[in-house]
Each structure stands twice: as structure tokens, then as C-alpha cells.
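Visitor: PDB, C-alpha atoms, saved as query.pdb, coming up:
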```
ATOM      1  CA  MET A   1       2.058  -5.495  -9.353
ATOM      2  CA  THR A   2       3.087  -9.065 -10.143
ATOM      3  CA  GLU A   3       0.643 -11.910  -9.737
ATOM      4  CA  ALA A   4      -1.290 -14.588 -11.605
ATOM      5  CA  ARG A   5      -4.237 -13.066 -13.448
ATOM      6  CA  GLU A   6      -7.625 -14.108 -14.709
ATOM      7  CA  SER A   7      -9.907 -12.163 -17.007
ATOM      8  CA  ALA A   8     -12.232  -9.612 -15.439
ATOM      9  CA  GLY A   9     -13.606  -8.182 -18.664
ATOM     10  CA  PRO A  10     -12.602  -4.976 -20.444
ATOM     11  CA  ASN A  11     -12.521  -2.778 -17.334
ATOM     12  CA  GLY A  12      -9.578  -4.290 -15.475
ATOM     13  CA  ALA A  13      -7.767  -7.404 -14.375
ATOM     14  CA  GLY A  14      -8.991  -9.784 -11.661
ATOM     15  CA  HIS A  15      -6.513 -11.859  -9.699
ATOM     16  CA  THR A  16      -5.893 -15.341  -8.457
ATOM     17  CA  ARG A  17      -2.962 -15.966  -6.108
ATOM     18  CA  TYR A  18      -0.207 -13.377  -5.705
ATOM     19  CA  ALA A  19       3.421 -14.382  -6.080
ATOM     20  CA  PRO A  20       5.448 -14.277  -2.824
ATOM     21  CA  GLY A  21       6.899 -10.798  -2.326
ATOM     22  CA  ALA A  22       4.323  -9.019  -4.472
ATOM     23  CA  PRO A  23       2.168  -6.295  -2.888
ATOM     24  CA  CYS A  24      -1.200  -8.008  -2.534
ATOM     25  CA  TRP A  25      -3.299  -5.749  -0.288
ATOM     26  CA  VAL A  26      -3.388  -2.263   1.183
ATOM     27  CA  SER A  27      -5.078  -1.206   4.404
ATOM     28  CA  LEU A  28      -5.773   2.022   6.279
ATOM     29  CA  MET A  29      -6.449   2.340  10.014
ATOM     30  CA  ALA A  30      -8.196   5.636  10.846
ATOM     31  CA  HIS A  31      -9.567   7.328  13.963
ATOM     32  CA  GLY A  32     -12.930   8.302  12.496
ATOM     33  CA  LEU A  33     -13.967   5.381  10.329
ATOM     34  CA  THR A  34     -17.358   6.724   9.245
ATOM     35  CA  ALA A  35     -15.954   9.997   7.904
ATOM     36  CA  THR A  36     -13.042   8.161   6.297
ATOM     37  CA  LEU A  37     -15.402   5.841   4.422
ATOM     38  CA  GLU A  38     -17.382   8.825   3.190
ATOM     39  CA  PHE A  39     -14.187  10.443   1.858
ATOM     40  CA  TYR A  40     -12.909   7.424  -0.045
ATOM     41  CA  GLY A  41     -16.360   6.345  -1.178
ATOM     42  CA  GLU A  42     -16.870   9.717  -2.838
ATOM     43  CA  LEU A  43     -13.313   9.937  -4.177
ATOM     44  CA  PHE A  44     -12.952   6.455  -5.685
ATOM     45  CA  GLY A  45     -16.543   5.217  -5.954
ATOM     46  CA  TRP A  46     -15.961   2.500  -3.352
ATOM     47  CA  THR A  47     -18.673   0.643  -1.490
ATOM     48  CA  PHE A  48     -17.973  -1.240   1.742
ATOM     49  CA  GLN A  49     -18.623  -4.662   3.241
ATOM     50  CA  PRO A  50     -17.756  -5.946   6.748
ATOM     51  CA  GLY A  51     -14.395  -7.684   7.095
ATOM     52  CA  PRO A  52     -12.546  -9.597   9.838
ATOM     53  CA  ARG A  53     -12.793  -7.774  13.182
ATOM     54  CA  GLN A  54      -9.682  -9.023  14.979
ATOM     55  CA  LEU A  55      -8.245  -5.484  14.923
ATOM     56  CA  GLY A  56     -11.548  -3.760  15.696
ATOM     57  CA  PRO A  57     -14.163  -2.383  13.277
ATOM     58  CA  TYR A  58     -12.930  -3.194   9.764
ATOM     59  CA  VAL A  59     -14.440  -3.115   6.271
ATOM     60  CA  ARG A  60     -13.368  -4.116   2.795
ATOM     61  CA  ALA A  61     -13.681  -1.533   0.053
ATOM     62  CA  GLU A  62     -15.249  -2.828  -3.148
ATOM     63  CA  LEU A  63     -15.351  -1.538  -6.699
ATOM     64  CA  ASP A  64     -17.951  -3.135  -8.975
ATOM     65  CA  GLY A  65     -18.118  -6.120  -6.621
ATOM     66  CA  HIS A  66     -14.329  -6.624  -6.441
ATOM     67  CA  VAL A  67     -12.460  -6.082  -3.158
ATOM     68  CA  VAL A  68      -9.670  -3.522  -3.574
ATOM     69  CA  ALA A  69      -8.582  -2.328  -0.087
ATOM     70  CA  GLY A  70      -9.287  -2.521   3.646
ATOM     71  CA  LEU A  71     -10.143   0.220   6.136
ATOM     72  CA  GLY A  72     -10.391  -0.072   9.893
ATOM     73  CA  GLN A  73     -10.722   2.004  13.050
ATOM     74  CA  LEU A  74      -7.870   2.580  15.465
ATOM     75  CA  PRO A  75      -8.680   1.996  19.146
ATOM     76  CA  PRO A  76      -9.343   5.341  20.863
ATOM     77  CA  ASP A  77      -6.377   4.850  23.195
ATOM     78  CA  ARG A  78      -3.913   4.188  20.349
ATOM     79  CA  HIS A  79      -2.386   7.441  19.092
ATOM     80  CA  LEU A  80      -0.728   5.981  16.019
ATOM     81  CA  PRO A  81      -0.013   7.654  12.679
ATOM     82  CA  VAL A  82      -2.865   7.293  10.205
ATOM     83  CA  ALA A  83      -1.299   5.759   7.101
ATOM     84  CA  TRP A  84      -1.930   3.388   4.226
ATOM     85  CA  THR A  85       0.005   0.141   4.739
ATOM     86  CA  PRO A  86       0.886  -2.214   1.869
ATOM     87  CA  TYR A  87       0.924  -5.966   2.504
ATOM     88  CA  LEU A  88       3.435  -8.230   0.769
ATOM     89  CA  ALA A  89       2.429 -11.794  -0.050
ATOM     90  CA  SER A  90       4.014 -14.681   1.836
ATOM     91  CA  GLU A  91       3.462 -18.428   1.760
ATOM     92  CA  HIS A  92       4.507 -18.742   5.439
ATOM     93  CA  VAL A  93       3.921 -15.556   7.435
ATOM     94  CA  ASP A  94       5.450 -16.944  10.639
ATOM     95  CA  ALA A  95       8.716 -17.775   8.868
ATOM     96  CA  THR A  96       8.706 -14.393   7.138
ATOM     97  CA  ALA A  97       8.167 -12.617  10.474
ATOM     98  CA  GLU A  98      11.144 -14.417  11.960
ATOM     99  CA  THR A  99      13.298 -13.426   8.971
ATOM    100  CA  VAL A 100      12.189  -9.799   9.420
ATOM    101  CA  ARG A 101      13.526  -9.910  12.996
ATOM    102  CA  LEU A 102      16.762 -11.632  12.006
ATOM    103  CA  CYS A 103      17.410  -8.977   9.348
ATOM    104  CA  GLY A 104      17.013  -6.027  11.732
ATOM    105  CA  GLY A 105      13.334  -5.292  11.282
ATOM    106  CA  THR A 106      10.559  -5.342  13.876
ATOM    107  CA  ILE A 107       7.230  -7.180  14.117
ATOM    108  CA  GLY A 108       4.658  -5.053  15.935
ATOM    109  CA  VAL A 109       1.487  -7.076  15.322
ATOM    110  CA  GLY A 110       1.076 -10.835  14.948
ATOM    111  CA  PRO A 111       1.469 -13.158  13.318
ATOM    112  CA  LEU A 112      -2.252 -13.754  13.857
ATOM    113  CA  ASP A 113      -5.223 -15.227  12.025
ATOM    114  CA  ALA A 114      -7.819 -12.970  10.414
ATOM    115  CA  ALA A 115     -10.729 -15.420  10.744
ATOM    116  CA  ASP A 116     -10.724 -17.661   7.662
ATOM    117  CA  ALA A 117      -9.372 -14.884   5.413
ATOM    118  CA  GLY A 118      -5.699 -15.585   6.057
ATOM    119  CA  ARG A 119      -2.849 -14.911   8.443
ATOM    120  CA  LEU A 120      -1.036 -11.601   8.854
ATOM    121  CA  ALA A 121       1.762  -9.730  10.533
ATOM    122  CA  ILE A 122       2.617  -6.025  10.589
ATOM    123  CA  GLY A 123       6.235  -5.006  10.885
ATOM    124  CA  SER A 124       8.785  -2.376   9.982
ATOM    125  CA  ASP A 125      12.069  -2.449   8.124
ATOM    126  CA  PRO A 126      15.364  -1.428   9.801
ATOM    127  CA  CYS A 127      14.699   2.245   8.926
ATOM    128  CA  GLY A 128      11.217   2.199  10.464
ATOM    129  CA  ALA A 129       8.929   1.986   7.413
ATOM    130  CA  VAL A 130       5.806  -0.027   8.247
ATOM    131  CA  PHE A 131       4.523  -2.831   6.010
ATOM    132  CA  GLY A 132       2.264  -5.855   6.330
ATOM    133  CA  VAL A 133       2.754  -9.520   5.476
ATOM    134  CA  TRP A 134      -0.203 -11.548   4.199
ATOM    135  CA  GLN A 135      -0.570 -15.324   3.951
ATOM    136  CA  ALA A 136      -3.728 -15.861   1.931
ATOM    137  CA  ALA A 137      -6.471 -18.345   2.717
ATOM    138  CA  ALA A 138     -10.038 -17.416   1.729
ATOM    139  CA  HIS A 139      -8.989 -13.824   0.989
ATOM    140  CA  LEU A 140      -6.289 -13.629  -1.689
ATOM    141  CA  GLY A 141      -5.896  -9.846  -1.596
ATOM    142  CA  THR A 142      -6.781  -7.003  -3.946
ATOM    143  CA  ASP A 143      -9.127  -8.518  -6.498
ATOM    144  CA  LEU A 144      -8.956  -5.888  -9.228
ATOM    145  CA  THR A 145      -6.314  -3.553 -10.670
ATOM    146  CA  GLY A 146      -5.904  -1.547 -13.836
ATOM    147  CA  VAL A 147      -8.965   0.666 -13.453
ATOM    148  CA  PRO A 148      -9.589   3.959 -11.605
ATOM    149  CA  GLY A 149     -10.018   3.471  -7.875
ATOM    150  CA  THR A 150      -7.589   0.561  -7.565
ATOM    151  CA  PRO A 151      -4.008   0.383  -6.198
ATOM    152  CA  ALA A 152      -1.542   0.890  -9.042
ATOM    153  CA  TRP A 153       1.931   1.049  -7.433
ATOM    154  CA  HIS A 154       3.731   1.135  -4.083
ATOM    155  CA  GLU A 155       6.851   3.141  -3.341
ATOM    156  CA  LEU A 156       9.029   3.366  -0.242
ATOM    157  CA  LEU A 157      10.460   6.783   0.606
ATOM    158  CA  THR A 158      13.562   6.363   2.741
ATOM    159  CA  PHE A 159      16.972   7.882   3.422
ATOM    160  CA  GLU A 160      19.023   5.664   1.114
ATOM    161  CA  ALA A 161      17.580   3.099  -1.290
ATOM    162  CA  VAL A 162      20.231   0.450  -1.885
ATOM    163  CA  GLY A 163      20.852  -0.479   1.751
ATOM    164  CA  VAL A 164      17.219  -1.012   2.713
ATOM    165  CA  ALA A 165      16.553  -2.775  -0.595
ATOM    166  CA  LYS A 166      18.854  -5.554   0.626
ATOM    167  CA  PHE A 167      16.474  -6.080   3.550
ATOM    168  CA  TYR A 168      13.490  -6.628   1.252
ATOM    169  CA  GLU A 169      15.567  -8.804  -1.055
ATOM    170  CA  THR A 170      16.539 -11.074   1.847
ATOM    171  CA  VAL A 171      13.114 -11.207   3.496
ATOM    172  CA  PHE A 172      10.880 -11.479   0.422
ATOM    173  CA  GLY A 173      13.197 -12.691  -2.332
ATOM    174  CA  HIS A 174      12.937  -9.545  -4.416
ATOM    175  CA  GLU A 175      15.310  -8.906  -7.281
ATOM    176  CA  ARG A 176      16.876  -5.431  -7.167
ATOM    177  CA  GLU A 177      17.451  -3.039 -10.060
ATOM    178  CA  ALA A 178      19.256   0.140  -9.005
ATOM    179  CA  GLU A 179      19.347   3.409 -10.923
ATOM    180  CA  VAL A 180      20.368   6.983 -10.233
ATOM    181  CA  ARG A 181      17.772   9.720 -10.774
ATOM    182  CA  ALA A 182      17.908  13.469 -10.471
ATOM    183  CA  ASP A 183      15.580  13.375  -7.453
ATOM    184  CA  GLY A 184      17.558  10.687  -5.563
ATOM    185  CA  ASP A 185      18.751   7.126  -5.839
ATOM    186  CA  TYR A 186      16.123   4.567  -6.820
ATOM    187  CA  VAL A 187      15.731   0.786  -6.669
ATOM    188  CA  THR A 188      12.999  -1.160  -8.432
ATOM    189  CA  LEU A 189      11.966  -4.365  -6.685
ATOM    190  CA  ARG A 190      11.033  -7.205  -9.031
ATOM    191  CA  VAL A 191       9.393 -10.603  -8.666
ATOM    192  CA  ALA A 192       9.984 -13.105 -11.486
ATOM    193  CA  GLY A 193      11.416 -10.246 -13.540
ATOM    194  CA  ARG A 194       8.387  -7.970 -13.192
ATOM    195  CA  PRO A 195       8.448  -4.670 -11.273
ATOM    196  CA  VAL A 196       6.301  -4.797  -8.119
ATOM    197  CA  ALA A 197       7.439  -1.768  -6.059
ATOM    198  CA  GLY A 198      10.016   0.998  -5.880
ATOM    199  CA  ILE A 199      12.355   2.363  -3.223
ATOM    200  CA  ARG A 200      13.355   6.021  -3.476
ATOM    201  CA  GLY A 201      16.236   7.332  -1.379
ATOM    202  CA  VAL A 202      15.775  11.045  -0.722
ATOM    203  CA  GLY A 203      18.285  11.638   2.076
ATOM    204  CA  THR A 204      17.597  14.734   4.155
ATOM    205  CA  ALA A 205      14.614  15.650   1.952
ATOM    206  CA  LEU A 206      12.544  13.060   3.818
ATOM    207  CA  PRO A 207       9.809  14.832   5.842
ATOM    208  CA  ARG A 208      10.913  14.969   9.489
ATOM    209  CA  ASP A 209       7.382  14.396  10.738
ATOM    210  CA  ARG A 210       7.049  11.190   8.763
ATOM    211  CA  GLY A 211      10.347   9.317   8.576
ATOM    212  CA  PRO A 212      10.709   6.466   6.074
ATOM    213  CA  HIS A 213       7.299   5.303   4.849
ATOM    214  CA  TRP A 214       5.501   3.467   2.082
ATOM    215  CA  VAL A 215       3.247   5.398  -0.320
ATOM    216  CA  THR A 216       0.383   3.742  -2.212
ATOM    217  CA  TYR A 217      -0.534   5.073  -5.658
ATOM    218  CA  PHE A 218      -4.200   4.809  -6.654
ATOM    219  CA  GLN A 219      -5.169   4.971 -10.297
ATOM    220  CA  VAL A 220      -7.522   7.748 -11.416
ATOM    221  CA  SER A 221      -8.902   8.791 -14.791
ATOM    222  CA  ASP A 222      -7.776  12.406 -14.497
ATOM    223  CA  VAL A 223      -5.315  13.560 -11.829
ATOM    224  CA  ASP A 224      -6.288  17.224 -11.915
ATOM    225  CA  GLU A 225      -9.992  16.442 -11.607
ATOM    226  CA  ALA A 226      -9.244  14.034  -8.745
ATOM    227  CA  LEU A 227      -7.232  16.736  -6.960
ATOM    228  CA  ALA A 228     -10.245  19.039  -7.055
ATOM    229  CA  ARG A 229     -12.382  16.269  -5.533
ATOM    230  CA  VAL A 230      -9.827  15.644  -2.780
ATOM    231  CA  VAL A 231     -10.007  19.297  -1.740
ATOM    232  CA  ALA A 232     -13.804  19.439  -1.997
ATOM    233  CA  LEU A 233     -14.027  16.384   0.287
ATOM    234  CA  GLY A 234     -11.800  17.935   2.968
ATOM    235  CA  GLY A 235      -8.461  16.443   1.949
ATOM    236  CA  HIS A 236      -5.226  18.228   1.144
ATOM    237  CA  VAL A 237      -2.965  18.513  -1.894
ATOM    238  CA  LEU A 238       0.646  18.153  -0.739
ATOM    239  CA  GLY A 239       2.333  19.114  -3.984
ATOM    240  CA  PRO A 240       1.545  20.048  -7.576
ATOM    241  CA  ALA A 241       0.821  17.337 -10.115
ATOM    242  CA  ARG A 242       3.845  16.307 -12.158
ATOM    243  CA  ASP A 243       4.665  13.950 -14.995
ATOM    244  CA  GLY A 244       6.633  10.929 -13.783
ATOM    245  CA  ALA A 245       7.948   7.650 -15.118
ATOM    246  CA  ARG A 246       4.557   5.961 -14.677
ATOM    247  CA  GLY A 247       2.283   8.832 -15.654
ATOM    248  CA  ARG A 248       0.894  11.993 -14.103
ATOM    249  CA  VAL A 249       1.286  11.935 -10.320
ATOM    250  CA  ALA A 250       0.197  14.025  -7.335
ATOM    251  CA  THR A 251       0.569  13.390  -3.610
ATOM    252  CA  VAL A 252      -2.389  14.144  -1.350
ATOM    253  CA  ALA A 253      -3.682  13.465   2.161
ATOM    254  CA  ASP A 254      -7.135  12.535   3.408
ATOM    255  CA  PRO A 255      -8.840  14.633   6.132
ATOM    256  CA  GLU A 256      -7.003  12.699   8.888
ATOM    257  CA  GLY A 257      -3.626  13.156   7.218
ATOM    258  CA  ALA A 258      -3.101   9.739   5.603
ATOM    259  CA  ARG A 259      -0.900  10.316   2.575
ATOM    260  CA  PHE A 260      -1.305   8.619  -0.784
ATOM    261  CA  SER A 261      -0.647   9.402  -4.420
ATOM    262  CA  LEU A 262      -2.898   9.697  -7.432
ATOM    263  CA  LEU A 263      -1.676   8.215 -10.722
ATOM    264  CA  GLY A 264      -3.202   9.000 -14.080
ATOM    265  CA  GLY A 265      -2.274   8.913 -17.734
ATOM    266  CA  ARG A 266       0.052  11.398 -19.304
TER     267      ARG A 266
END
```
Show how you would write the structure in this file as C-alpha cells.

Guide:
Amino acid sequence: MTEARESAGPNGAGHTRYAPGAPCWVSLMAHGLTATLEFYGELFGWTFQPGPRQLGPYVRAELDGHVVAGLGQLPPDRHLPVAWTPYLASEHVDATAETVRLCGGTIGVGPLDAADAGRLAIGSDPCGAVFGVWQAAAHLGTDLTGVPGTPAWHELLTFEAVGVAKFYETVFGHEREAEVRADGDYVTLRVAGRPVAGIRGVGTALPRDRGPHWVTYFQVSDVDEALARVVALGGHVLGPARDGARGRVATVADPEGARFSLLGGR
């Protein structure tokens, strides 16, 4: 991820303000919040503190005193997919939301204030992939990366990469770098020359029950050991671990079906 950094000691990097367009936060809305917190607390070593409650019960996950992610509870009458949602930084969320609409996307929530933490909107791109927009105030976003238990990468799985990449370029000012891979076309999104996210076009290989969607990668010390913990905690392994461009990767789901990926060293 691309952002200004400040030292957080030998165990990772703390952050100041994120550059516009950079993924700055990731949040999960679940049906059973208590069980979900138990799963991720055991898997990543997170502890939890109360957060803004505009969207219902909501907590911030912490690692060694640094906030790394948010988790909330879906209203019982809302039968929405349970999924991790990345938030992209914006200096003016209202203007960004309007640009999303003008470029063929949709805004489903907001823009609205999250107490004194900041201002947010949740939308989807023209292919239906959901993302958030965050305008920071007191809460800048994920406070620590580079250590196990923190977000390491975000990747959009969609039908075709280049077309939807133009949407993100227009809305967030991303620079696009396209490449062709054996497993589909791929676009890296950059901010100030640094890679911040990827878009993978997989055509008809996209799961029919999911549609286009963003996937968050969380760093772990050992992917295979983390896979065993996922299963022991009631989650599911969705595919075998493999060596990728960024390290050893495996895709999993928590007990409610929220998908995410584990990323470790080679």
C-alpha cells in the first residue's frame, strides 16, 4: 500500500496520512459479531475496541495497540453478502461519490459522518464490486502494516481488467500498468508510482455466486500453519496454497463465508 510512513519499531510500519486513492482501511460486516471476533482474534491475534456505531455494533481490531481493521454487525433484516470491503482514501468523499455515479458506479451508503473519525461512502464499480471511500479526520485508517495479522494487499477479481481499471483511474487518479498473465489479464493500480492494488480479469472463471469482488490479503508468518488454524476455528480452505508474485498465497473463508487470502513468504 502507498502512504506516508512513520517508524513503528522493528516489527512493522506505522502510518500517517494515506495518499488519495490508496487502500487505507478494510472492514467486515457479519451476522454473528461475537463469533466472528472470536475467529479473527484467534487467527490473527487481534484484540478489539469499540468504534463508531452509525452502522450498528462496530469494533476496531487492534494488533499491539495499533488499529488494523474494522468489524461490525449487519442488521438482522439485512440479508447481504458477508465480505471484507477495502476503503480507498479520498480528500473529499462527497466529490468522489459524485464521480463514482458519473462514471457508471453506484453509491449504496452515504456519504455520512462516522462520529469524529471521518466521513465515508460505500459504493460499487460498474461491474458490481463493492468498495468504500474514506475521508480521514481523527481516524486515518490502518495504523500498521508489514507484520503478520495486518492487511498486505488488495485485489479485484472481475470479468475483464482493463475496462474496469479505467473506472478506478478516473475516480481515484490511479495510474494503470497492464500485463498479460497465464491466469488472466492483470492491471496494477499505482499511486505516485507505487503499486497499491491489483485487478485480475478472469472472464468466465469468476465464481457465479460471487460476481466481481475485492479480495483482501492478510500477512501471516506461515501460510500452511495459518490454513490449519483456519480449519480448526471453523473456517474453510477454498484452494491449495500456491506460490505467487507476492509470496505464498491461499484463499480461505471464515465461518460465515467471508473470503480473504493469506499471504506469507516464499

Visitor: Between A:Gly146, A:Gly123, A:Gly163, A:Pro81, which residue has the minimum interatomic distance to Arg101 in chain A, considering only C-alpha atoms?

Guide: A:Gly123

Visitor: Please produce, as JSON lines, a per-residue contact table for range 12-50 of chain A versus range 237-261 of chain A (criterion: any atom at most 10 Å away, all atoms listed in the file considered), showing the nearest atom pair and its distance in Å to one decimal, sorted by chain then residue number.

Guide:
```
{"residue": "A:Leu28", "atom": "CA", "partner": "A:Ala258", "partner_atom": "CA", "distance": 8.2}
{"residue": "A:Met29", "atom": "CA", "partner": "A:Ala258", "partner_atom": "CA", "distance": 9.2}
{"residue": "A:Ala30", "atom": "CA", "partner": "A:Glu256", "partner_atom": "CA", "distance": 7.4}
{"residue": "A:His31", "atom": "CA", "partner": "A:Glu256", "partner_atom": "CA", "distance": 7.8}
{"residue": "A:Gly32", "atom": "CA", "partner": "A:Glu256", "partner_atom": "CA", "distance": 8.2}
{"residue": "A:Ala35", "atom": "CA", "partner": "A:Pro255", "partner_atom": "CA", "distance": 8.7}
{"residue": "A:Thr36", "atom": "CA", "partner": "A:Pro255", "partner_atom": "CA", "distance": 7.7}
{"residue": "A:Phe39", "atom": "CA", "partner": "A:Asp254", "partner_atom": "CA", "distance": 7.5}
{"residue": "A:Tyr40", "atom": "CA", "partner": "A:Asp254", "partner_atom": "CA", "distance": 8.4}
```

Visitor: Just say which residues the PyMOL selection byres ((chain A and resi 125-135) around 7) picks in this file, as a ChimeraX atom specification.

Guide: /A:85-93,104-106,118-124,136-137,212-214

Visitor: Report, in Å to a single decimal, how far apart CA of Gly203 in chain A and CA of Lys166 in chain A are.

Guide: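 Value for the CA of Lys166 in chain A-CA of Gly203 in chain A distance: 17.3 Å.
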
Visitor: Any chance you could tabulate, as a tab-separated table, the residues of range 8-97 of chain A at most 8 Å from range 167-187 of chain A with each one's nearest atom pair and distance in Å to one decimal, using all atoms listed in the file, in chain and rising number order?

Guide:
```
residue	atom	partner	partner_atom	distance
A:Pro20	CA	A:Phe172	CA	6.9
A:Gly21	CA	A:Phe172	CA	4.9
A:Ser90	CA	A:Phe172	CA	7.7
A:Thr96	CA	A:Val171	CA	6.5
```

Visitor: From the structure block, carefully write range 53-79 of chain A out with C-alpha atoms; format it as a short mmCIF file (atom, residue, chain, number, x, y, z; two decimals), in the first residue's frame.

Guide:
```cif
data_model
loop_
_atom_site.label_atom_id
_atom_site.label_comp_id
_atom_site.auth_asym_id
_atom_site.auth_seq_id
_atom_site.Cartn_x
_atom_site.Cartn_y
_atom_site.Cartn_z
CA ARG A 53 -21.77 2.97 15.84
CA GLN A 54 -23.50 4.73 12.94
CA LEU A 55 -23.86 1.38 11.14
CA GLY A 56 -24.73 -0.60 14.27
CA PRO A 57 -22.41 -2.50 16.63
CA TYR A 58 -18.86 -1.93 15.36
CA VAL A 59 -15.36 -2.54 16.72
CA ARG A 60 -11.83 -1.79 15.63
CA ALA A 61 -9.37 -4.66 15.57
CA GLU A 62 -6.01 -3.89 17.15
CA LEU A 63 -2.61 -5.54 16.98
CA ASP A 64 -0.11 -4.48 19.65
CA GLY A 65 -2.13 -1.31 20.22
CA HIS A 66 -2.35 -0.38 16.51
CA VAL A 67 -5.72 -0.37 14.72
CA VAL A 68 -5.65 -2.63 11.66
CA ALA A 69 -9.28 -3.33 10.58
CA GLY A 70 -12.95 -2.83 11.44
CA LEU A 71 -15.69 -5.38 12.09
CA GLY A 72 -19.39 -4.73 12.51
CA GLN A 73 -22.74 -6.49 12.74
CA LEU A 74 -25.28 -6.49 9.93
CA PRO A 75 -28.85 -5.62 10.93
CA PRO A 76 -30.90 -8.82 11.30
CA ASP A 77 -33.24 -7.77 8.49
CA ARG A 78 -30.41 -7.14 6.01
CA HIS A 79 -29.54 -10.32 4.10
#
```
